[in-house]
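These notes concern the structure reproduced below.
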Amino acid sequence: MGKKEKLIERLKNCPKDFTFEEMKSLLESLGFEMSNKGRTSGSRVKFIKDNIGVVLHKPHPRKELLEYQIKQILEALEQGGLL
């Protein structure tokens with residue numbers, strides 16, 4: 001099982017310690033591109049692939065994503081047929 005598959009399995013379990021860097025790595029391995037809207041975007045980051053868009057806020061000062069963010073991403077990936 002590769003890194004991408006391990007991250008997908010971990011994401012499906014909705015862990016409380018899933019980090020932004022892990023999510024970034026997973027989404028990029030699925031073909032998403034990270035987009036910041038210039039220097040005024042602040043902590044808001046958008047990941048785009050075809051017609052699927054996922055918007056996240058970089059967590060700070062913590063590194064872990066919140067439960068609702070993980071659920072939103074899971075839902076978007078399932079709707080897009082990526083999981």
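Order determines the names: the first chain of the structure tokens is A, the second B, and so forth; residues in each chain are numbered 1 upward, and ligands are numbered 1 upward as they are shown.
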
- Which polymer residues have any atom within 8 Å of an atom of stretch 21-28 of chain A, counting only C-alpha atoms, with same-chain residues fewer than 4 positions away left out, as an MDAnalysis selection string? chainID A and resid 4 7:8 32:34 47

Atoms to include: N, CA, C and O atoms. Write the selected residues as a compact mmCIF listing (two decimals), in the first residue's frame.
```txt
# COMPACT_ATOMS: atom_id res chain seq x y z
N LYS A 4 -0.28 7.36 -0.79
CA LYS A 4 -1.59 7.92 -1.11
C LYS A 4 -2.70 7.05 -0.53
O LYS A 4 -3.64 7.56 0.08
N LEU A 7 -2.93 7.46 3.22
CA LEU A 7 -3.56 8.73 3.60
C LEU A 7 -5.07 8.67 3.39
O LEU A 7 -5.83 9.21 4.19
N ILE A 8 -5.51 8.02 2.31
CA ILE A 8 -6.95 7.90 2.05
C ILE A 8 -7.61 7.09 3.16
O ILE A 8 -8.65 7.48 3.69
N PHE A 32 -4.99 17.52 -7.54
CA PHE A 32 -5.46 18.88 -7.23
C PHE A 32 -4.28 19.84 -7.28
O PHE A 32 -3.15 19.47 -7.00
N GLU A 33 -4.58 21.09 -7.61
CA GLU A 33 -3.59 22.15 -7.58
C GLU A 33 -3.98 23.15 -6.52
O GLU A 33 -5.14 23.53 -6.41
N MET A 34 -2.99 23.58 -5.73
CA MET A 34 -3.25 24.55 -4.67
C MET A 34 -3.24 25.95 -5.26
O MET A 34 -2.38 26.30 -6.07
N PHE A 47 -8.03 24.20 -3.30
CA PHE A 47 -7.47 23.11 -4.09
C PHE A 47 -8.46 22.83 -5.22
O PHE A 47 -9.65 22.65 -4.97
```

- Item | Residue neighbourhood stretch 73-76 of chain A, 9 Å, only C-alpha atoms, exclusion window fewer than 4 positions, as a ChimeraX atom specification | /A:11-12,14,52-56,68-69,80-83

Give me every strand (DSSP E or B) residue in chain A, going by DSSP on the backbone, as a PDB file with N, CA, C and O atoms, in the first residue's frame.
```pdb
ATOM      1  N   THR A  19      -3.208  16.377   9.707  1.00  0.00           N
ATOM      2  CA  THR A  19      -2.636  17.708   9.561  1.00  0.00           C
ATOM      3  C   THR A  19      -2.922  18.317   8.181  1.00  0.00           C
ATOM      4  O   THR A  19      -3.265  17.613   7.231  1.00  0.00           O
ATOM      5  N   GLU A  33      -4.584  21.092  -7.613  1.00  0.00           N
ATOM      6  CA  GLU A  33      -3.586  22.150  -7.582  1.00  0.00           C
ATOM      7  C   GLU A  33      -3.979  23.153  -6.516  1.00  0.00           C
ATOM      8  O   GLU A  33      -5.145  23.533  -6.411  1.00  0.00           O
ATOM      9  N   MET A  34      -2.992  23.584  -5.734  1.00  0.00           N
ATOM     10  CA  MET A  34      -3.254  24.553  -4.673  1.00  0.00           C
ATOM     11  C   MET A  34      -3.244  25.954  -5.261  1.00  0.00           C
ATOM     12  O   MET A  34      -2.380  26.296  -6.073  1.00  0.00           O
ATOM     13  N   SER A  35      -4.219  26.761  -4.861  1.00  0.00           N
ATOM     14  CA  SER A  35      -4.331  28.114  -5.386  1.00  0.00           C
ATOM     15  C   SER A  35      -4.558  29.088  -4.238  1.00  0.00           C
ATOM     16  O   SER A  35      -5.499  28.935  -3.467  1.00  0.00           O
ATOM     17  N   ARG A  44      -6.618  31.330   3.752  1.00  0.00           N
ATOM     18  CA  ARG A  44      -7.539  30.580   2.894  1.00  0.00           C
ATOM     19  C   ARG A  44      -6.809  30.024   1.672  1.00  0.00           C
ATOM     20  O   ARG A  44      -6.113  30.735   0.974  1.00  0.00           O
ATOM     21  N   VAL A  45      -6.992  28.730   1.451  1.00  0.00           N
ATOM     22  CA  VAL A  45      -6.344  28.035   0.351  1.00  0.00           C
ATOM     23  C   VAL A  45      -7.398  27.229  -0.389  1.00  0.00           C
ATOM     24  O   VAL A  45      -8.274  26.626   0.227  1.00  0.00           O
ATOM     25  N   LYS A  46      -7.325  27.233  -1.707  1.00  0.00           N
ATOM     26  CA  LYS A  46      -8.258  26.459  -2.517  1.00  0.00           C
ATOM     27  C   LYS A  46      -7.487  25.410  -3.290  1.00  0.00           C
ATOM     28  O   LYS A  46      -6.431  25.691  -3.845  1.00  0.00           O
ATOM     29  N   PHE A  47      -8.029  24.199  -3.299  1.00  0.00           N
ATOM     30  CA  PHE A  47      -7.474  23.111  -4.092  1.00  0.00           C
ATOM     31  C   PHE A  47      -8.459  22.834  -5.218  1.00  0.00           C
ATOM     32  O   PHE A  47      -9.648  22.655  -4.966  1.00  0.00           O
ATOM     33  N   ILE A  48      -7.964  22.816  -6.458  1.00  0.00           N
ATOM     34  CA  ILE A  48      -8.831  22.713  -7.624  1.00  0.00           C
ATOM     35  C   ILE A  48      -8.409  21.536  -8.498  1.00  0.00           C
ATOM     36  O   ILE A  48      -7.222  21.342  -8.758  1.00  0.00           O
ATOM     37  N   LYS A  49      -9.406  20.784  -8.952  1.00  0.00           N
ATOM     38  CA  LYS A  49      -9.184  19.740  -9.953  1.00  0.00           C
ATOM     39  C   LYS A  49     -10.465  19.628 -10.765  1.00  0.00           C
ATOM     40  O   LYS A  49     -11.536  19.357 -10.217  1.00  0.00           O
ATOM     41  N   ILE A  52     -14.019  20.195  -9.388  1.00  0.00           N
ATOM     42  CA  ILE A  52     -14.073  20.026  -7.937  1.00  0.00           C
ATOM     43  C   ILE A  52     -13.186  21.080  -7.289  1.00  0.00           C
ATOM     44  O   ILE A  52     -12.024  21.229  -7.648  1.00  0.00           O
ATOM     45  N   GLY A  53     -13.735  21.799  -6.342  1.00  0.00           N
ATOM     46  CA  GLY A  53     -12.971  22.791  -5.594  1.00  0.00           C
ATOM     47  C   GLY A  53     -13.141  22.569  -4.104  1.00  0.00           C
ATOM     48  O   GLY A  53     -14.255  22.353  -3.632  1.00  0.00           O
ATOM     49  N   VAL A  54     -12.046  22.589  -3.386  1.00  0.00           N
ATOM     50  CA  VAL A  54     -12.059  22.412  -1.938  1.00  0.00           C
ATOM     51  C   VAL A  54     -11.379  23.629  -1.330  1.00  0.00           C
ATOM     52  O   VAL A  54     -10.244  23.940  -1.669  1.00  0.00           O
ATOM     53  N   VAL A  55     -12.080  24.331  -0.439  1.00  0.00           N
ATOM     54  CA  VAL A  55     -11.516  25.502   0.225  1.00  0.00           C
ATOM     55  C   VAL A  55     -11.215  25.141   1.670  1.00  0.00           C
ATOM     56  O   VAL A  55     -12.061  24.616   2.381  1.00  0.00           O
ATOM     57  N   LEU A  56      -9.988  25.431   2.076  1.00  0.00           N
ATOM     58  CA  LEU A  56      -9.548  25.179   3.447  1.00  0.00           C
ATOM     59  C   LEU A  56      -8.931  26.434   4.026  1.00  0.00           C
ATOM     60  O   LEU A  56      -8.436  27.281   3.290  1.00  0.00           O
ATOM     61  N   HIS A  57      -8.961  26.526   5.330  1.00  0.00           N
ATOM     62  CA  HIS A  57      -8.194  27.541   6.033  1.00  0.00           C
ATOM     63  C   HIS A  57      -7.028  26.831   6.684  1.00  0.00           C
ATOM     64  O   HIS A  57      -7.216  25.814   7.353  1.00  0.00           O
ATOM     65  N   GLU A  64      -3.359  20.637  13.016  1.00  0.00           N
ATOM     66  CA  GLU A  64      -4.391  19.659  12.672  1.00  0.00           C
ATOM     67  C   GLU A  64      -5.637  20.345  12.120  1.00  0.00           C
ATOM     68  O   GLU A  64      -6.008  21.425  12.542  1.00  0.00           O
TER      69      GLU A  64
END
```

- atom CA of A:Gly2 to atom CA of A:Ser43: how many Å, to one decimal?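 Going from atom CA of A:Gly2 over to atom CA of A:Ser43, I get 29.6 Å.
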
- Query: Suppose you want the space between atom CA of A:Asp17 and atom CA of A:Glu67; what is it in Å?
  - Reply: 9.4 Å

- Name the residues of chain A that come out as alpha helix (DSSP H) in a backbone DSSP run; write them as number ranges by chain. A: 3-12, 20-29, 67-79

Could you write out that same residue set with N, CA and C atoms as a CSV table (one decimal), in the first residue's frame?
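Okay, again18.csv is ready:
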```
chain,number,residue,atom,x,y,z
A,3,LYS,N,1.8,5.5,-0.2
A,3,LYS,CA,1.5,6.7,0.7
A,3,LYS,C,0.1,7.2,0.5
A,4,LYS,N,-0.3,7.4,-0.8
A,4,LYS,CA,-1.6,7.9,-1.1
A,4,LYS,C,-2.7,7.1,-0.5
A,5,GLU,N,-2.6,5.7,-0.7
A,5,GLU,CA,-3.6,4.8,-0.2
A,5,GLU,C,-3.7,4.9,1.3
A,6,LYS,N,-2.5,5.0,2.0
A,6,LYS,CA,-2.5,5.1,3.4
A,6,LYS,C,-3.2,6.4,3.9
A,7,LEU,N,-2.9,7.5,3.2
A,7,LEU,CA,-3.6,8.7,3.6
A,7,LEU,C,-5.1,8.7,3.4
A,8,ILE,N,-5.5,8.0,2.3
A,8,ILE,CA,-6.9,7.9,2.1
A,8,ILE,C,-7.6,7.1,3.2
A,9,GLU,N,-7.0,6.0,3.5
A,9,GLU,CA,-7.6,5.1,4.6
A,9,GLU,C,-7.6,5.9,5.9
A,10,ARG,N,-6.5,6.7,6.2
A,10,ARG,CA,-6.5,7.5,7.4
A,10,ARG,C,-7.6,8.5,7.4
A,11,LEU,N,-7.8,9.2,6.3
A,11,LEU,CA,-8.8,10.2,6.1
A,11,LEU,C,-10.2,9.7,6.4
A,12,LYS,N,-10.4,8.5,5.8
A,12,LYS,CA,-11.8,7.9,6.0
A,12,LYS,C,-12.1,7.6,7.4
A,20,PHE,N,-2.7,19.6,8.1
A,20,PHE,CA,-2.9,20.3,6.8
A,20,PHE,C,-1.9,19.8,5.8
A,21,GLU,N,-0.7,19.6,6.2
A,21,GLU,CA,0.3,19.1,5.3
A,21,GLU,C,0.0,17.7,4.8
A,22,GLU,N,-0.6,16.8,5.6
A,22,GLU,CA,-1.1,15.5,5.1
A,22,GLU,C,-2.2,15.7,4.1
A,23,MET,N,-3.1,16.6,4.3
A,23,MET,CA,-4.2,16.9,3.4
A,23,MET,C,-3.7,17.4,2.1
A,24,LYS,N,-2.7,18.4,2.2
A,24,LYS,CA,-2.1,19.0,1.0
A,24,LYS,C,-1.5,17.9,0.2
A,25,SER,N,-0.7,17.0,0.8
A,25,SER,CA,0.0,15.9,0.1
A,25,SER,C,-1.0,15.0,-0.6
A,26,LEU,N,-2.1,14.6,0.1
A,26,LEU,CA,-3.1,13.7,-0.4
A,26,LEU,C,-3.8,14.4,-1.6
A,27,LEU,N,-4.2,15.6,-1.5
A,27,LEU,CA,-5.0,16.3,-2.6
A,27,LEU,C,-4.1,16.5,-3.8
A,28,GLU,N,-2.8,16.8,-3.6
A,28,GLU,CA,-1.9,17.0,-4.7
A,28,GLU,C,-1.6,15.6,-5.4
A,29,SER,N,-1.6,14.5,-4.6
A,29,SER,CA,-1.4,13.2,-5.2
A,29,SER,C,-2.6,12.8,-6.0
A,67,GLU,N,-12.6,18.7,12.6
A,67,GLU,CA,-13.4,17.5,12.1
A,67,GLU,C,-14.3,17.9,11.0
A,68,TYR,N,-14.9,19.1,11.0
A,68,TYR,CA,-15.8,19.5,9.9
A,68,TYR,C,-15.1,19.7,8.6
A,69,GLN,N,-13.8,20.1,8.7
A,69,GLN,CA,-13.0,20.3,7.5
A,69,GLN,C,-12.8,18.9,6.8
A,70,ILE,N,-12.5,17.9,7.6
A,70,ILE,CA,-12.2,16.6,7.1
A,70,ILE,C,-13.5,16.0,6.5
A,71,LYS,N,-14.6,16.2,7.1
A,71,LYS,CA,-15.9,15.7,6.6
A,71,LYS,C,-16.2,16.4,5.3
A,72,GLN,N,-16.0,17.7,5.2
A,72,GLN,CA,-16.2,18.4,3.9
A,72,GLN,C,-15.4,17.9,2.8
A,73,ILE,N,-14.1,17.6,3.1
A,73,ILE,CA,-13.2,17.1,2.0
A,73,ILE,C,-13.6,15.7,1.6
A,74,LEU,N,-14.0,14.9,2.6
A,74,LEU,CA,-14.4,13.5,2.3
A,74,LEU,C,-15.6,13.6,1.4
A,75,GLU,N,-16.6,14.4,1.7
A,75,GLU,CA,-17.8,14.6,0.9
A,75,GLU,C,-17.5,15.0,-0.5
A,76,ALA,N,-16.6,16.0,-0.7
A,76,ALA,CA,-16.3,16.6,-2.0
A,76,ALA,C,-15.5,15.5,-2.8
A,77,LEU,N,-14.7,14.7,-2.2
A,77,LEU,CA,-13.9,13.7,-2.9
A,77,LEU,C,-14.9,12.5,-3.3
A,78,GLU,N,-15.8,12.2,-2.5
A,78,GLU,CA,-16.8,11.2,-2.8
A,78,GLU,C,-17.7,11.6,-3.9
A,79,GLN,N,-18.2,12.8,-3.9
A,79,GLN,CA,-19.0,13.4,-4.9
A,79,GLN,C,-18.3,13.4,-6.3
```
